[in-house]
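Enquirer: Have a peek at data18.txt (compact mmCIF, C-alpha atoms and all ligand atoms).
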```txt
# COMPACT_ATOMS: atom_id res chain seq x y z
CA MET A 1 0.00 0.00 0.00
CA PHE A 2 1.35 3.48 -0.92
CA ASP A 3 0.70 6.49 1.32
CA VAL A 4 0.74 8.76 -1.75
CA LEU A 5 0.64 7.96 -5.47
CA ALA A 6 1.32 11.06 -7.60
CA LEU A 7 0.55 11.35 -11.31
CA GLY A 8 1.65 13.96 -13.82
CA GLU A 9 4.70 15.78 -15.12
CA LEU A 10 8.24 14.79 -14.27
CA LEU A 11 10.65 17.13 -15.99
CA ILE A 12 13.92 19.01 -15.84
CA ASP A 13 13.80 22.47 -14.28
CA PHE A 14 16.78 24.51 -15.43
CA THR A 15 17.28 27.01 -12.62
CA PRO A 16 19.74 29.92 -12.64
CA ALA A 17 22.83 28.96 -10.66
CA LEU A 18 25.93 31.07 -11.33
CA THR A 19 27.30 33.54 -13.85
CA SER A 20 30.10 32.40 -16.15
CA GLU A 21 33.44 34.15 -16.44
CA HIS A 22 32.01 35.75 -19.60
CA GLY A 23 29.05 37.16 -17.68
CA VAL A 24 26.34 34.83 -19.05
CA PRO A 25 23.97 32.96 -16.71
CA LEU A 26 24.66 29.28 -15.94
CA TYR A 27 21.67 27.03 -15.28
CA ALA A 28 21.52 23.98 -12.99
CA CYS A 29 19.72 20.86 -14.22
CA ASN A 30 17.20 20.15 -11.44
CA PRO A 31 14.74 17.25 -11.47
CA GLY A 32 11.23 18.64 -11.00
CA GLY A 33 7.56 18.64 -11.95
CA ALA A 34 5.01 19.48 -9.27
CA PRO A 35 3.42 16.02 -8.73
CA ALA A 36 6.85 14.36 -8.72
CA ASN A 37 8.02 16.96 -6.18
CA VAL A 38 5.06 16.06 -3.95
CA ALA A 39 5.94 12.33 -4.17
CA VAL A 40 9.56 13.04 -3.23
CA ALA A 41 8.45 15.42 -0.44
CA VAL A 42 6.44 12.58 1.14
CA SER A 43 9.23 10.08 0.55
CA ARG A 44 11.83 12.31 2.25
CA LEU A 45 9.58 12.35 5.31
CA GLY A 46 9.45 8.54 5.39
CA GLY A 47 6.16 7.92 3.55
CA ARG A 48 5.69 5.19 0.93
CA THR A 49 5.17 6.71 -2.50
CA ALA A 50 4.79 5.87 -6.18
CA PHE A 51 4.65 7.90 -9.38
CA ILE A 52 2.86 7.56 -12.72
CA GLY A 53 4.13 9.61 -15.66
CA LYS A 54 6.18 9.58 -18.85
CA VAL A 55 9.70 10.63 -19.79
CA GLY A 56 11.63 10.50 -23.07
CA ASP A 57 14.16 7.86 -24.05
CA ASP A 58 17.06 10.26 -23.42
CA ARG A 59 19.64 11.30 -20.83
CA PHE A 60 17.19 13.59 -19.03
CA GLY A 61 14.62 10.80 -18.80
CA ASP A 62 17.28 8.50 -17.33
CA LEU A 63 18.29 11.15 -14.82
CA LEU A 64 14.68 11.65 -13.71
CA ARG A 65 14.05 7.92 -13.27
CA LYS A 66 17.26 7.58 -11.29
CA THR A 67 16.28 10.52 -9.10
CA LEU A 68 12.93 8.99 -8.15
CA ASP A 69 14.56 5.58 -7.57
CA THR A 70 17.19 7.16 -5.33
CA GLU A 71 14.49 9.00 -3.39
CA GLY A 72 12.61 5.75 -2.77
CA VAL A 73 9.63 6.62 -5.00
CA CYS A 74 8.32 3.48 -6.78
CA THR A 75 8.82 3.99 -10.53
CA ASP A 76 6.85 0.96 -11.78
CA GLY A 77 4.39 3.47 -13.30
CA LEU A 78 7.04 5.70 -14.89
CA LEU A 79 6.89 4.99 -18.62
CA THR A 80 9.32 5.89 -21.40
CA THR A 81 8.36 7.09 -24.89
CA GLY A 82 10.67 7.02 -27.88
CA GLU A 83 8.43 9.49 -29.75
CA VAL A 84 9.29 12.78 -28.04
CA ASN A 85 11.89 14.20 -25.67
CA THR A 86 11.71 14.57 -21.92
CA THR A 87 10.01 17.86 -21.06
CA ILE A 88 12.22 20.70 -19.87
CA ALA A 89 11.41 24.06 -18.27
CA PHE A 90 13.56 27.10 -17.59
CA VAL A 91 12.90 28.87 -14.31
CA THR A 92 13.80 32.52 -13.88
CA LEU A 93 13.87 34.19 -10.49
CA ASP A 94 13.28 37.81 -9.54
CA GLU A 95 15.07 39.56 -6.66
CA GLN A 96 12.58 38.18 -4.08
CA GLY A 97 13.24 34.61 -5.25
CA ASP A 98 9.79 34.41 -6.95
CA ARG A 99 9.85 32.42 -10.14
CA SER A 100 8.38 32.26 -13.62
CA PHE A 101 8.57 29.37 -16.08
CA VAL A 102 9.28 28.83 -19.77
CA PHE A 103 8.37 25.31 -20.90
CA TYR A 104 9.86 23.39 -23.83
CA ARG A 105 6.97 21.01 -24.33
CA ASN A 106 5.55 21.00 -27.81
CA PRO A 107 4.81 18.26 -26.99
CA GLY A 108 7.01 16.82 -24.25
CA ALA A 109 7.03 13.26 -23.00
CA ASP A 110 4.82 14.06 -19.98
CA VAL A 111 1.91 14.96 -22.30
CA MET A 112 2.06 11.52 -23.93
CA LEU A 113 0.57 9.69 -20.93
CA GLU A 114 -2.44 7.75 -22.22
CA LYS A 115 -5.63 6.28 -20.81
CA SER A 116 -4.36 2.80 -21.63
CA ASP A 117 -1.28 3.57 -19.48
CA ILE A 118 -3.65 4.16 -16.56
CA ASP A 119 -5.42 0.84 -17.14
CA ARG A 120 -2.06 -0.89 -17.13
CA ASN A 121 -1.25 0.74 -13.79
CA GLU A 122 -4.58 0.14 -12.03
CA ARG A 123 -2.67 -1.99 -9.51
CA LEU A 124 -0.84 1.13 -8.29
CA ILE A 125 -4.04 3.17 -8.15
CA SER A 126 -5.97 0.51 -6.22
CA GLY A 127 -3.02 0.27 -3.83
CA CYS A 128 -2.77 3.90 -2.75
CA LYS A 129 -4.37 5.74 0.16
CA VAL A 130 -3.91 9.20 -1.38
CA PHE A 131 -3.90 9.87 -5.12
CA HIS A 132 -2.41 13.22 -6.07
CA PHE A 133 -2.51 15.14 -9.36
CA GLY A 134 -2.09 18.67 -10.70
CA SER A 135 -3.20 20.73 -13.67
CA VAL A 136 -0.11 20.77 -15.91
CA SER A 137 -1.15 17.31 -17.13
CA LEU A 138 -4.59 18.78 -17.96
CA THR A 139 -3.33 21.22 -20.60
CA ASP A 140 -3.34 18.80 -23.55
CA ASP A 141 -4.38 15.34 -24.62
CA PRO A 142 -3.68 12.50 -24.23
CA SER A 143 -2.48 13.29 -20.67
CA ARG A 144 -5.60 15.35 -19.87
CA THR A 145 -7.96 12.43 -20.49
CA ALA A 146 -5.57 10.04 -18.76
CA THR A 147 -5.27 12.26 -15.66
CA LEU A 148 -9.01 12.79 -15.17
CA TYR A 149 -9.63 9.09 -15.80
CA ALA A 150 -7.02 8.14 -13.18
CA ALA A 151 -8.50 10.55 -10.60
CA ARG A 152 -11.96 9.01 -11.09
CA MET A 153 -10.48 5.52 -10.87
CA ALA A 154 -8.71 6.43 -7.60
CA ARG A 155 -12.03 7.60 -6.14
CA GLU A 156 -13.70 4.35 -7.16
CA HIS A 157 -10.94 2.55 -5.26
CA ASN A 158 -11.69 4.72 -2.19
CA ALA A 159 -8.44 6.68 -2.26
CA ILE A 160 -8.41 10.24 -0.95
CA VAL A 161 -7.87 12.43 -4.04
CA SER A 162 -5.58 15.45 -3.69
CA TYR A 163 -5.37 18.16 -6.36
CA ASP A 164 -3.06 21.14 -6.81
CA PRO A 165 -4.16 23.23 -9.79
CA ASN A 166 -0.98 25.13 -10.64
CA PHE A 167 -1.46 27.93 -13.15
CA ARG A 168 1.31 28.17 -15.78
CA PRO A 169 -0.01 30.72 -18.33
CA HIS A 170 2.53 29.64 -20.97
CA LEU A 171 0.98 26.21 -21.25
CA TRP A 172 -2.58 27.31 -22.08
CA SER A 173 -4.00 29.01 -25.16
CA ASN A 174 -5.79 31.53 -22.91
CA ARG A 175 -7.04 32.07 -19.34
CA ASP A 176 -10.60 30.90 -19.98
CA VAL A 177 -9.42 27.55 -21.30
CA ALA A 178 -7.08 27.22 -18.33
CA VAL A 179 -9.83 27.96 -15.81
CA ARG A 180 -12.26 25.61 -17.54
CA TRP A 181 -9.89 22.63 -17.26
CA MET A 182 -8.46 23.55 -13.88
CA LEU A 183 -12.05 23.58 -12.56
CA GLU A 184 -12.70 20.22 -14.19
CA GLY A 185 -10.04 18.67 -11.95
CA LEU A 186 -11.89 19.97 -8.87
CA LYS A 187 -14.80 17.63 -9.58
CA SER A 188 -12.73 14.59 -8.61
CA ALA A 189 -10.83 16.06 -5.66
CA ASP A 190 -11.25 15.74 -1.88
CA ILE A 191 -8.25 17.84 -0.82
CA VAL A 192 -7.47 20.94 -2.91
CA LYS A 193 -4.41 23.14 -2.45
CA VAL A 194 -4.23 26.46 -4.27
CA SER A 195 -2.11 29.56 -3.97
CA TYR A 196 -3.97 32.80 -3.24
CA GLU A 197 -3.55 33.84 -6.91
CA GLU A 198 -4.96 30.52 -8.12
CA MET A 199 -7.93 30.85 -5.75
CA GLU A 200 -8.68 34.25 -7.27
CA LEU A 201 -8.24 32.93 -10.81
CA LEU A 202 -10.56 29.95 -10.24
CA THR A 203 -13.27 31.67 -8.20
CA GLY A 204 -13.02 35.38 -8.99
CA GLU A 205 -12.96 35.98 -5.21
CA ILE A 206 -10.25 37.90 -3.35
CA ASP A 207 -11.63 37.06 0.09
CA LEU A 208 -10.22 33.82 1.58
CA ASP A 209 -13.48 32.76 3.18
CA ARG A 210 -15.55 33.33 0.04
CA GLY A 211 -12.91 31.94 -2.36
CA SER A 212 -12.30 28.77 -0.35
CA GLY A 213 -16.07 28.44 0.11
CA ARG A 214 -16.54 28.47 -3.65
CA ILE A 215 -13.89 25.73 -4.06
CA ALA A 216 -15.62 23.69 -1.34
CA GLU A 217 -18.97 24.09 -3.15
CA LEU A 218 -17.35 22.61 -6.24
CA GLY A 219 -16.62 19.42 -4.31
CA ALA A 220 -13.47 19.72 -2.16
CA ALA A 221 -13.92 18.56 1.42
CA LEU A 222 -10.71 20.26 2.54
CA VAL A 223 -9.28 23.44 0.98
CA LEU A 224 -5.77 24.78 1.62
CA VAL A 225 -4.70 28.19 0.33
CA THR A 226 -0.97 28.90 0.54
CA LEU A 227 -0.04 32.52 1.22
CA GLY A 228 3.76 32.64 0.84
CA ALA A 229 5.41 34.43 3.78
CA GLU A 230 1.98 34.82 5.39
CA GLY A 231 1.52 31.07 5.87
CA ALA A 232 -1.61 29.24 4.82
CA TYR A 233 -5.38 29.25 5.19
CA TYR A 234 -7.46 26.10 5.70
CA ARG A 235 -11.13 25.30 5.35
CA LEU A 236 -12.57 22.00 6.57
CA GLY A 237 -16.33 22.02 7.03
CA ASP A 238 -17.05 24.70 9.64
CA LEU A 239 -13.41 24.94 10.66
CA ARG A 240 -11.38 27.63 8.96
CA GLY A 241 -8.46 29.87 9.80
CA LYS A 242 -5.00 31.12 8.98
CA VAL A 243 -1.83 29.41 10.25
CA ARG A 244 1.38 31.42 10.51
CA THR A 245 4.59 30.28 8.90
CA TYR A 246 8.25 30.63 9.81
CA ASP A 247 10.46 33.63 9.29
CA VAL A 248 13.17 32.61 6.84
CA ARG A 249 15.42 34.21 4.26
CA ALA A 250 13.88 32.93 1.03
CA VAL A 251 16.32 32.42 -1.85
CA ASP A 252 14.15 30.31 -4.20
CA THR A 253 10.44 29.57 -3.74
CA THR A 254 10.45 26.74 -6.34
CA GLY A 255 8.86 23.65 -4.80
CA ALA A 256 7.63 25.41 -1.62
CA GLY A 257 3.99 24.64 -2.42
CA ASP A 258 4.87 21.02 -3.23
CA ALA A 259 6.85 20.66 0.00
CA PHE A 260 3.87 22.16 1.85
CA LEU A 261 1.37 19.77 0.29
CA GLY A 262 3.66 16.72 0.58
CA ALA A 263 4.14 17.44 4.28
CA PHE A 264 0.41 17.94 4.79
CA LEU A 265 -0.43 14.67 3.00
CA TYR A 266 2.24 12.93 5.07
CA CYS A 267 0.35 14.04 8.20
CA MET A 268 -2.83 12.51 6.73
CA ARG A 269 -1.24 9.07 6.26
CA GLY A 270 -3.18 6.17 7.71
CA ARG A 271 -6.45 8.15 7.67
CA ALA A 272 -9.51 7.38 5.60
CA LEU A 273 -11.43 10.32 4.12
CA GLY A 274 -13.91 10.15 7.03
CA ASP A 275 -11.03 10.58 9.52
CA VAL A 276 -9.71 13.58 7.58
CA LEU A 277 -13.16 15.19 7.63
CA ALA A 278 -13.46 14.55 11.37
CA MET A 279 -10.19 16.32 12.30
CA SER A 280 -10.33 18.76 15.21
CA ARG A 281 -9.13 22.35 14.85
CA GLU A 282 -6.01 21.44 16.81
CA GLU A 283 -5.21 18.52 14.50
CA ILE A 284 -5.63 20.43 11.26
CA GLU A 285 -3.71 23.47 12.53
CA SER A 286 -0.84 21.26 13.66
CA ALA A 287 -0.72 19.61 10.20
CA VAL A 288 -0.80 23.00 8.44
CA LEU A 289 1.96 24.33 10.72
CA PHE A 290 4.09 21.27 9.91
CA ALA A 291 3.39 21.87 6.20
CA ASN A 292 4.35 25.55 6.61
CA ALA A 293 7.64 24.48 8.18
CA ALA A 294 8.34 22.23 5.17
CA GLY A 295 7.39 25.01 2.73
CA SER A 296 9.44 27.72 4.41
CA LEU A 297 12.52 25.48 4.77
CA THR A 298 12.30 24.69 1.04
CA THR A 299 12.51 28.39 0.17
CA THR A 300 15.91 28.64 1.88
CA ARG A 301 17.57 26.38 -0.73
CA LYS A 302 17.73 26.42 -4.52
CA GLY A 303 15.79 24.06 -6.79
CA ALA A 304 12.72 21.96 -6.02
CA ILE A 305 13.61 18.31 -5.29
CA PRO A 306 17.09 19.11 -3.93
CA ALA A 307 15.52 21.61 -1.53
CA LEU A 308 12.86 19.32 0.01
CA PRO A 309 13.45 18.75 3.73
CA THR A 310 13.65 15.49 5.70
CA LEU A 311 11.50 14.73 8.74
CA HIS A 312 14.46 15.36 11.02
CA GLU A 313 15.13 18.75 9.41
CA ILE A 314 11.52 19.84 9.88
CA THR A 315 11.20 18.70 13.49
CA ASP A 316 14.56 20.25 14.31
CA PHE A 317 13.54 23.48 12.55
CA GLN A 318 10.24 23.59 14.43
CA ARG A 319 12.00 22.98 17.76
CA ARG A 320 14.73 25.55 17.40
CA GLY A 321 14.01 29.01 18.78
CA GLN A 322 15.66 30.71 15.81
CA ALA A 323 12.90 29.39 13.55
CA SER A 324 10.62 32.05 14.92
CA LEU A 325 7.09 32.21 13.68
CA CYS A 326 6.36 35.28 11.57
CA SER A 327 4.54 37.78 13.74
CA ASN A 328 2.84 39.60 10.89
CA SER A 329 0.08 37.05 10.34
P1 LIG B 1 3.07 27.93 -4.01
O1 LIG B 1 4.41 27.36 -4.39
O2 LIG B 1 1.98 26.95 -4.15
O3 LIG B 1 2.77 29.27 -4.64
P2 LIG B 1 3.74 29.36 -1.59
O4 LIG B 1 4.78 30.14 -2.29
O5 LIG B 1 2.62 30.09 -0.94
O6 LIG B 1 3.14 28.16 -2.44
O7 LIG B 1 4.53 28.55 -0.47
C1 LIG B 1 4.02 27.43 0.21
C2 LIG B 1 4.32 27.56 1.67
O8 LIG B 1 5.75 27.74 1.86
C3 LIG B 1 3.65 28.76 2.32
O9 LIG B 1 2.36 28.43 2.75
C4 LIG B 1 4.62 29.07 3.45
O10 LIG B 1 4.39 28.27 4.59
C5 LIG B 1 5.98 28.71 2.87
N1 LIG B 1 6.63 29.90 2.27
C6 LIG B 1 6.64 30.31 0.99
N2 LIG B 1 7.31 31.47 0.82
C7 LIG B 1 7.76 31.82 2.05
C8 LIG B 1 8.53 32.91 2.57
N3 LIG B 1 8.97 33.89 1.76
N4 LIG B 1 8.78 32.94 3.91
C9 LIG B 1 8.33 31.96 4.73
N5 LIG B 1 7.61 30.89 4.29
C10 LIG B 1 7.31 30.83 2.99
```
Once you've parsed the file, please lay out its structure as structure tokens.
Ligand code: ADP
Expert:
Amino acid sequence: MFDVLALGELLIDFTPALTSEHGVPLYACNPGGAPANVAVAVSRLGGRTAFIGKVGDDRFGDLLRKTLDTEGVCTDGLLTTGEVNTTIAFVTLDEQGDRSFVFYRNPGADVMLEKSDIDRNERLISGCKVFHFGSVSLTDDPSRTATLYAARMAREHNAIVSYDPNFRPHLWSNRDVAVRWMLEGLKSADIVKVSYEEMELLTGEIDLDRGSGRIAELGAALVLVTLGAEGAYYRLGDLRGKVRTYDVRAVDTTGAGDAFLGAFLYCMRGRALGDVLAMSREEIESAVLFANAAGSLTTTRKGAIPALPTLHEITDFQRRGQASLCSNS
């Protein structure tokens, strides 16, 4: 049984590293892709994880497979296509460490995941407690159909379905199409994590209570809204509130949301959906605080997967006085 099975893009994030002697930027080749990051985040904490996705038959594909293997993520569902290359993305960072993406994916191997690949991997889906997916695999077919099919299949097998609709404007023809398909994913999800900007995009609301309420109406039992340095907001039935995060010097926010969600899902391990819904305020706030610790620690290091913390690092970070909680939230 897997604590978390993640499905979607596994790709290379080229992140700015140094400047050459000739003054041009040098990029580091970081394994990434939001759902893969979530699987590794859970694995680093000691959870049992698996991944379903597709890479190309090339050096980058080999590197990605090796990375997941090394991290202890089961790669039985990681397929290889000889038709197209492994997807790559270039990440650029502004002075605050906030990032934007340029994808080379026209198409990339991650898009080639097919419905028949899901059927062949039903064993993994029926053997997971939490099934996690995102919205990058919803941009194009065949991966869009395959992703939505897998999420429905996971529900039929009584898994808790987790969804993180990341908005990458580059990958969609326009905003309306993006919102239409990002909302489609909500129909199959029990736990939904969005950033504040994604909440606004999907609901048109700028108020956390109203925006999260709209997402809950669309089917999510538990809504998490990440707020960067201000922590995170949760909504579970009648329980709702903001949980502060830790005061850190952020150098690269890539993967912070994935670390946050991976840590939160790790806290949910061993629970059925009914147990998640029955959590007390104390339980959910403690899980969100743990997730905030994972997210904030991730921002202190460069890259996504390389930056994800271990259980020991998080507990140590939470214990130490220097990891003071931000007082502004
Ligand atoms: P996403 O990657 O989904 O946009 P955020 O950037 O909001 O997510 O980050 C996820 C979590 O990481 C936040 O909820 C927060 O706990 C932590 N985090 C992010 N940025 C910072 C920061 N600058 N300082 C402290 N914690 C941060």
Enquirer: Can you tell me how far atom CA of Gly61 of chain A sits from atom CA of Ala36 of chain A, in Å to one decimal?
Expert: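 So the answer is 13.2 Å.
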Enquirer: As a quick test: using all atoms listed in the file, which residues lie no more than 7 Å away from ligand LIG 1 (chain B)? Give them as a list in words.
Expert: Val194, Ser195, Thr226, Leu227, Gly228, Ala229, Glu230, Gly231, Ala232, Thr245, Tyr246, Asp247, Val248, Arg249, Ala250, Thr253, Thr254, Gly255, Ala256, Gly257, Asp258, Phe260, Ala291, Asn292, Ala293, Ala294, Gly295, Ser296 and Thr299 of chain A
Enquirer: Residues as selected, C-alpha atoms, written as a PDB file, in the coordinates of the input, can you do that?
Expert:
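Saved the output as again.pdb:
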```
ATOM      1  CA  VAL A 194      -4.230  26.460  -4.270  1.00  0.00           C
ATOM      2  CA  SER A 195      -2.110  29.560  -3.970  1.00  0.00           C
ATOM      3  CA  THR A 226      -0.970  28.900   0.540  1.00  0.00           C
ATOM      4  CA  LEU A 227      -0.040  32.520   1.220  1.00  0.00           C
ATOM      5  CA  GLY A 228       3.760  32.640   0.840  1.00  0.00           C
ATOM      6  CA  ALA A 229       5.410  34.430   3.780  1.00  0.00           C
ATOM      7  CA  GLU A 230       1.980  34.820   5.390  1.00  0.00           C
ATOM      8  CA  GLY A 231       1.520  31.070   5.870  1.00  0.00           C
ATOM      9  CA  ALA A 232      -1.610  29.240   4.820  1.00  0.00           C
ATOM     10  CA  THR A 245       4.590  30.280   8.900  1.00  0.00           C
ATOM     11  CA  TYR A 246       8.250  30.630   9.810  1.00  0.00           C
ATOM     12  CA  ASP A 247      10.460  33.630   9.290  1.00  0.00           C
ATOM     13  CA  VAL A 248      13.170  32.610   6.840  1.00  0.00           C
ATOM     14  CA  ARG A 249      15.420  34.210   4.260  1.00  0.00           C
ATOM     15  CA  ALA A 250      13.880  32.930   1.030  1.00  0.00           C
ATOM     16  CA  THR A 253      10.440  29.570  -3.740  1.00  0.00           C
ATOM     17  CA  THR A 254      10.450  26.740  -6.340  1.00  0.00           C
ATOM     18  CA  GLY A 255       8.860  23.650  -4.800  1.00  0.00           C
ATOM     19  CA  ALA A 256       7.630  25.410  -1.620  1.00  0.00           C
ATOM     20  CA  GLY A 257       3.990  24.640  -2.420  1.00  0.00           C
ATOM     21  CA  ASP A 258       4.870  21.020  -3.230  1.00  0.00           C
ATOM     22  CA  PHE A 260       3.870  22.160   1.850  1.00  0.00           C
ATOM     23  CA  ALA A 291       3.390  21.870   6.200  1.00  0.00           C
ATOM     24  CA  ASN A 292       4.350  25.550   6.610  1.00  0.00           C
ATOM     25  CA  ALA A 293       7.640  24.480   8.180  1.00  0.00           C
ATOM     26  CA  ALA A 294       8.340  22.230   5.170  1.00  0.00           C
ATOM     27  CA  GLY A 295       7.390  25.010   2.730  1.00  0.00           C
ATOM     28  CA  SER A 296       9.440  27.720   4.410  1.00  0.00           C
ATOM     29  CA  THR A 299      12.510  28.390   0.170  1.00  0.00           C
TER      30      THR A 299
END
```
Enquirer: Neighbouring residues of Leu5 of chain A were defined as those with any atom within 8 Å, considering only C-alpha atoms; residues of the same chain fewer than 6 positions away were excluded. Please report them as a PyMOL selection string.
Expert: chain A and resi 39+49-52+124-125+128-132
Enquirer: One number please: atom CA of Tyr27 of chain A to atom CA of Leu93 of chain A, in Å, one decimal.
Expert: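 Going from atom CA of Tyr27 of chain A over to atom CA of Leu93 of chain A covers 11.6 Å.
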Enquirer: Between A:Thr92, A:Ser135, A:Ser173, A:Asn158, which residue has the minimum interatomic distance to Val192 of chain A, considering all atoms listed in the file?
Expert: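 Nearest candidate to Val192 of chain A out of A:Thr92, A:Ser135, A:Ser173, A:Asn158: A:Ser135.
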Enquirer: For Asn37 of chain A, which residue among A:Tyr104, A:Leu273, A:Ala259, A:Arg214 is the nearest when counting all atoms listed in the file?
Expert: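 Of A:Tyr104, A:Leu273, A:Ala259, A:Arg214, the one nearest Asn37 of chain A, counting all atoms listed in the file, is A:Ala259.
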Enquirer: Using all atoms listed in the file for the distances, tell me which of A:Ala89, A:Leu148, A:Ala278, A:Leu11 is nearest to Thr67 of chain A.
Expert: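 For Thr67 of chain A, the nearest of the given residues is A:Leu11.
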Enquirer: Of the candidates A:Leu186, A:Ser137, A:Tyr234, A:Lys302, which one gets nearest to Leu208 of chain A if we count all atoms listed in the file?
Expert: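 Of all the options, A:Tyr234 lies closest to Leu208 of chain A.
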Enquirer: Atom CA of Thr203 of chain A and atom CA of Trp172 of chain A are how many Å apart?
Expert: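 Answer for the atom CA of Thr203 of chain A to atom CA of Trp172 of chain A separation: 18.1 Å.
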Enquirer: For Glu313 of chain A, which residue out of A:Leu45, A:Val55, A:Ala17, A:Leu261 is the nearest one, using only C-alpha atoms?
Expert: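 Checking each candidate against Glu313 of chain A, we get A:Leu45 as the closest.
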Enquirer: Pick out the closest residue to Ala272 of chain A from this set: A:Ile284, A:Leu297, A:Ile160, A:Leu63. Count all atoms listed in the file.
Expert: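 Nearest to Ala272 of chain A: A:Ile160.
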Enquirer: Write out as a list of chain:residue names which residues come within 8 Å of segment 111-116 of chain A when counting all atoms listed in the file, dropping same-chain ones fewer than 2 positions away.
Expert: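 Answer for this query is A:Glu9, A:Gly53, A:Lys54, A:Thr81, A:Pro107, A:Gly108, A:Ala109, A:Ile118, A:Asp119, A:Arg120, A:Ser137, A:Asp140, A:Asp141, A:Pro142, A:Ser143, A:Arg144, A:Thr145, A:Ala146, A:Thr147, A:Tyr149, A:Ala150.
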Enquirer: Please return, as a list in words, all polymer residues that have at least one atom within 9 Å of the point (-10.8, 17.8, -4.8); use all atoms listed in the file and the file's own coordinate frame.
Expert: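 Answer for this query, in the requested form: Ile160, Val161, Ser162, Tyr163, Asp164, Gly185, Leu186, Lys187, Ser188, Ala189, Asp190, Ile191, Val192, Lys193, Ile215, Ala216, Leu218, Gly219, Ala220, Ala221, Leu222 and Val223 of chain A.
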Enquirer: With the input short on atoms, add N, CA, C and O atoms back to segment 187-198 of chain A and write it as an mmCIF file, keeping the file's coordinate frame.
Expert:
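The resulting result27.cif:
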```cif
data_model
loop_
_atom_site.group_PDB
_atom_site.id
_atom_site.type_symbol
_atom_site.label_atom_id
_atom_site.label_comp_id
_atom_site.auth_asym_id
_atom_site.auth_seq_id
_atom_site.Cartn_x
_atom_site.Cartn_y
_atom_site.Cartn_z
ATOM 1 N N LYS A 187 -13.646 18.533 -9.716
ATOM 2 C CA LYS A 187 -14.800 17.630 -9.580
ATOM 3 C C LYS A 187 -14.413 16.290 -8.967
ATOM 4 O O LYS A 187 -15.259 15.594 -8.429
ATOM 5 N N SER A 188 -13.139 15.906 -9.119
ATOM 6 C CA SER A 188 -12.730 14.590 -8.610
ATOM 7 C C SER A 188 -11.905 14.693 -7.332
ATOM 8 O O SER A 188 -11.342 13.704 -6.896
ATOM 9 N N ALA A 189 -11.802 15.890 -6.748
ATOM 10 C CA ALA A 189 -10.830 16.060 -5.660
ATOM 11 C C ALA A 189 -11.473 16.201 -4.282
ATOM 12 O O ALA A 189 -12.522 16.825 -4.119
ATOM 13 N N ASP A 190 -10.824 15.602 -3.278
ATOM 14 C CA ASP A 190 -11.250 15.740 -1.880
ATOM 15 C C ASP A 190 -10.446 16.827 -1.175
ATOM 16 O O ASP A 190 -10.973 17.603 -0.401
ATOM 17 N N ILE A 191 -9.127 16.827 -1.417
ATOM 18 C CA ILE A 191 -8.250 17.840 -0.820
ATOM 19 C C ILE A 191 -7.728 18.720 -1.958
ATOM 20 O O ILE A 191 -7.167 18.206 -2.921
ATOM 21 N N VAL A 192 -7.945 20.021 -1.860
ATOM 22 C CA VAL A 192 -7.470 20.940 -2.910
ATOM 23 C C VAL A 192 -6.546 21.973 -2.287
ATOM 24 O O VAL A 192 -6.880 22.585 -1.273
ATOM 25 N N LYS A 193 -5.370 22.125 -2.900
ATOM 26 C CA LYS A 193 -4.410 23.140 -2.450
ATOM 27 C C LYS A 193 -4.224 24.140 -3.590
ATOM 28 O O LYS A 193 -3.923 23.759 -4.719
ATOM 29 N N VAL A 194 -4.453 25.402 -3.280
ATOM 30 C CA VAL A 194 -4.230 26.460 -4.270
ATOM 31 C C VAL A 194 -3.380 27.550 -3.643
ATOM 32 O O VAL A 194 -3.335 27.684 -2.417
ATOM 33 N N SER A 195 -2.729 28.340 -4.482
ATOM 34 C CA SER A 195 -2.110 29.560 -3.970
ATOM 35 C C SER A 195 -3.225 30.612 -3.948
ATOM 36 O O SER A 195 -4.296 30.418 -4.551
ATOM 37 N N TYR A 196 -2.970 31.728 -3.297
ATOM 38 C CA TYR A 196 -3.970 32.800 -3.240
ATOM 39 C C TYR A 196 -4.340 33.257 -4.663
ATOM 40 O O TYR A 196 -5.518 33.433 -4.989
ATOM 41 N N GLU A 197 -3.319 33.374 -5.532
ATOM 42 C CA GLU A 197 -3.550 33.840 -6.910
ATOM 43 C C GLU A 197 -4.406 32.830 -7.676
ATOM 44 O O GLU A 197 -5.271 33.208 -8.470
ATOM 45 N N GLU A 198 -4.165 31.545 -7.430
ATOM 46 C CA GLU A 198 -4.960 30.520 -8.120
ATOM 47 C C GLU A 198 -6.398 30.499 -7.597
ATOM 48 O O GLU A 198 -7.344 30.271 -8.358
#
```
